[in-house]
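Novice: Before anything else, here's the structure in question.
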Amino acid sequence: MLIAQLAMMANAVIDTAMAGRLSAIDLAAVGIAASIMATVLMTLVSVLLALTPIIAHLHGAGKRAEIGREIHQGVWISLALALVAILLMIFPEPFLAITELQPAVETKVRAYLVASAWGVPAAFALRLFFGLSTGIGHPRPVIIFNLISLALKVPLNALFMYGLLDVPKMGASGCAVATSLDA
């Protein structure tokens, strides 16, 4: 699990390092937007943290048929929470109201959050998979997914942030597109 957590943290470091090569405005936008995104996602995804011990308990008790029911309920909860997360990212006014951003930074923060909203369903699906995988004592698939994601992060960021291979240069929002695709 340590490897999975380190891979997720490395993604943020990569985003920051690559945004710093664009401009100070892009770097600020990535930092602020990523903070808003992390606040929204971690707050809402944390509801699903209860899934792992529930599944582990059912698995240990030999009640494997009931695990499916818990996952099914988790899917519905995830869909509702993902909708809330998407709305908060598309309409970030509650978060932006407490900042005094320059208009150029605010524009890039909004673009980043809208692009990030596309990856929200995948983030919730991954959390469900994480809960199931670790709950039944098989964390290796989660680690593999995180390592593959980490390996794809730099090329996807470069493609969308810097505009390689005839893809338009998107700057800070390109980082969010890469993250959404890599989720």
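Scheme for the structure tokens: letters A, B, ... for chains in order shown; per-chain residue numbers from 1; ligand numbers from 1 in order shown.
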If DSSP is run on the backbone, what residues of segment 37-169 of chain A are helix (DSSP H, G or I)? A reply as a ChimeraX atom specification would be ideal.

Specialist: /A:37-60,64-90,93-96,103-117,120-135,140-161

Novice: Which neighbours of Thr52 of chain A fall inside 6 Å, counting only C-alpha atoms, when residues of the same chain fewer than 3 positions from it are skipped, and could you give them as a list in words?

Specialist: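 Near Thr52 of chain A, the qualifying residues are Ile55, Gly131 and Gly135 of chain A.
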
Novice: Choose the residue, out of A:Val154, A:Ile143, A:Glu106, A:Phe129, that has the smallest atom-to-atom separation from Asp26 of chain A; count only C-alpha atoms.

Specialist: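 Residue with the minimum atom-to-atom distance to Asp26 of chain A: A:Glu106.
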
Novice: Which one is closest to Gly62 of chain A: A:Ile14, A:Val114, A:Ile136, A:Leu159? Count only C-alpha atoms.

Specialist: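 Answer, going by the shortest atom-to-atom distance: A:Ile136.
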
Novice: Given only C-alpha atoms, how would the per-residue table for segment 110-153 of chain A near segment 37-48 of chain A read, listing every residue at most 9 Å away with its closest atom pair and distance in Å to one decimal, sorted by chain and number, as CSV?

Specialist:
```
residue,atom,partner,partner_atom,distance
A:Leu113,CA,A:Met37,CA,7.0
A:Ser116,CA,A:Met37,CA,7.7
A:Ala117,CA,A:Met37,CA,8.8
A:Val120,CA,A:Leu41,CA,7.9
A:Ala123,CA,A:Leu41,CA,8.3
A:Phe124,CA,A:Val45,CA,6.7
A:Arg127,CA,A:Leu48,CA,7.1
A:Leu128,CA,A:Leu48,CA,7.2
A:Gly131,CA,A:Leu48,CA,7.7
```

Novice: If we count only C-alpha atoms, what is near Thr107 of chain A at a cut-off of 12 Å, once residues fewer than 2 positions away on the same chain are taken out, given as a short mmCIF file (atom, residue, chain, number, x, y, z; two decimals) with N, CA and C atoms, in the first residue's frame?

Specialist:
```
data_model
loop_
_atom_site.label_atom_id
_atom_site.label_comp_id
_atom_site.auth_asym_id
_atom_site.auth_seq_id
_atom_site.Cartn_x
_atom_site.Cartn_y
_atom_site.Cartn_z
N ILE A 25 1.88 31.86 -13.75
CA ILE A 25 0.41 31.82 -13.71
C ILE A 25 -0.08 30.37 -13.80
N ASP A 26 0.52 29.59 -14.70
CA ASP A 26 0.13 28.18 -14.80
C ASP A 26 0.47 27.42 -13.53
N ALA A 28 0.70 28.65 -10.49
CA ALA A 28 -0.27 29.06 -9.47
C ALA A 28 -1.62 28.39 -9.70
N ALA A 29 -2.04 28.35 -10.96
CA ALA A 29 -3.34 27.74 -11.27
C ALA A 29 -3.36 26.25 -10.93
N VAL A 30 -2.29 25.55 -11.26
CA VAL A 30 -2.23 24.11 -10.93
C VAL A 30 -2.25 23.92 -9.43
N ILE A 32 -3.43 25.93 -7.00
CA ILE A 32 -4.71 26.30 -6.39
C ILE A 32 -5.81 25.33 -6.81
N ALA A 33 -5.88 25.04 -8.10
CA ALA A 33 -6.93 24.15 -8.59
C ALA A 33 -6.76 22.74 -8.03
N PRO A 92 -17.08 26.39 -8.93
CA PRO A 92 -16.22 26.47 -7.75
C PRO A 92 -16.34 27.78 -6.96
N LEU A 96 -13.57 29.84 -4.67
CA LEU A 96 -12.92 31.02 -5.24
C LEU A 96 -13.31 32.30 -4.50
N LEU A 101 -7.75 35.93 -6.41
CA LEU A 101 -6.94 35.54 -7.56
C LEU A 101 -6.93 36.61 -8.63
N GLN A 102 -5.81 36.70 -9.31
CA GLN A 102 -5.75 37.53 -10.50
C GLN A 102 -6.69 36.91 -11.53
N PRO A 103 -7.31 37.71 -12.37
CA PRO A 103 -8.24 37.16 -13.36
C PRO A 103 -7.61 36.08 -14.24
N ALA A 104 -6.35 36.24 -14.61
CA ALA A 104 -5.69 35.24 -15.46
C ALA A 104 -5.55 33.90 -14.73
N VAL A 105 -5.23 33.96 -13.44
CA VAL A 105 -5.10 32.73 -12.65
C VAL A 105 -6.47 32.09 -12.45
N VAL A 109 -7.66 28.37 -13.30
CA VAL A 109 -8.15 27.50 -12.23
C VAL A 109 -9.50 26.90 -12.64
N ARG A 110 -10.37 27.74 -13.17
CA ARG A 110 -11.69 27.26 -13.61
C ARG A 110 -11.55 26.23 -14.73
N ALA A 111 -10.68 26.49 -15.69
CA ALA A 111 -10.48 25.55 -16.79
C ALA A 111 -9.93 24.22 -16.28
N TYR A 112 -8.99 24.29 -15.34
CA TYR A 112 -8.42 23.09 -14.74
C TYR A 112 -9.51 22.27 -14.05
N LEU A 113 -10.35 22.93 -13.26
CA LEU A 113 -11.39 22.23 -12.51
C LEU A 113 -12.43 21.59 -13.43
N VAL A 114 -12.80 22.30 -14.49
CA VAL A 114 -13.75 21.73 -15.44
C VAL A 114 -13.15 20.49 -16.12
N GLY A 171 -1.59 24.20 -21.42
CA GLY A 171 -1.07 24.76 -20.18
C GLY A 171 -1.59 24.02 -18.96
N ALA A 172 -2.00 24.79 -17.95
CA ALA A 172 -2.46 24.21 -16.68
C ALA A 172 -3.64 23.27 -16.87
N SER A 173 -4.58 23.62 -17.73
CA SER A 173 -5.74 22.75 -17.93
C SER A 173 -5.33 21.45 -18.62
#
```

Novice: Identify which of the residues A:Asp182, A:Ala56, A:Asn11, A:Thr16 lies closest to His138 of chain A, counting only C-alpha atoms when measuring atom-to-atom distances.

Specialist: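 Checking each of A:Asp182, A:Ala56, A:Asn11, A:Thr16 against His138 of chain A, counting only C-alpha atoms, the winner is A:Ala56.
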
Novice: Which is closer to Gly163 of chain A than all the others in A:Leu22, A:Met9, A:Ala125, A:Ala50, using only C-alpha atoms?

Specialist: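 Of A:Leu22, A:Met9, A:Ala125, A:Ala50, the one nearest Gly163 of chain A, counting only C-alpha atoms, is A:Leu22.
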
Novice: So that I can see what lies close to Gly137 of chain A, please list as a short mmCIF file (atom, residue, chain, number, x, y, z; two decimals) with C-alpha atoms, in the first residue's frame the residues with an atom at most 12 Å from it, counting only C-alpha atoms and leaving out residues fewer than 2 positions away in the same chain.

Specialist:
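Okay, this is what ended up in selection.cif:
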```cif
data_model
loop_
_atom_site.label_atom_id
_atom_site.label_comp_id
_atom_site.auth_asym_id
_atom_site.auth_seq_id
_atom_site.Cartn_x
_atom_site.Cartn_y
_atom_site.Cartn_z
CA MET A 1 0.00 0.00 0.00
CA THR A 52 -12.70 -1.71 3.00
CA PRO A 53 -13.33 -2.85 6.60
CA ILE A 55 -15.70 -6.03 2.89
CA ALA A 56 -12.81 -7.40 4.98
CA HIS A 57 -15.28 -8.36 7.73
CA LEU A 58 -17.62 -10.10 5.28
CA HIS A 59 -14.73 -11.82 3.53
CA GLY A 60 -13.29 -13.03 6.82
CA PHE A 130 -9.49 -0.18 -3.91
CA GLY A 131 -12.05 -1.02 -1.20
CA LEU A 132 -12.88 -4.37 -2.78
CA SER A 133 -9.31 -5.31 -3.64
CA THR A 134 -7.85 -4.52 -0.24
CA GLY A 135 -10.91 -5.80 1.61
CA PRO A 139 -3.97 -5.07 -2.92
CA ARG A 140 -1.59 -5.87 -5.79
CA PRO A 141 -4.00 -4.78 -8.60
CA VAL A 142 -4.34 -1.35 -6.98
#
```
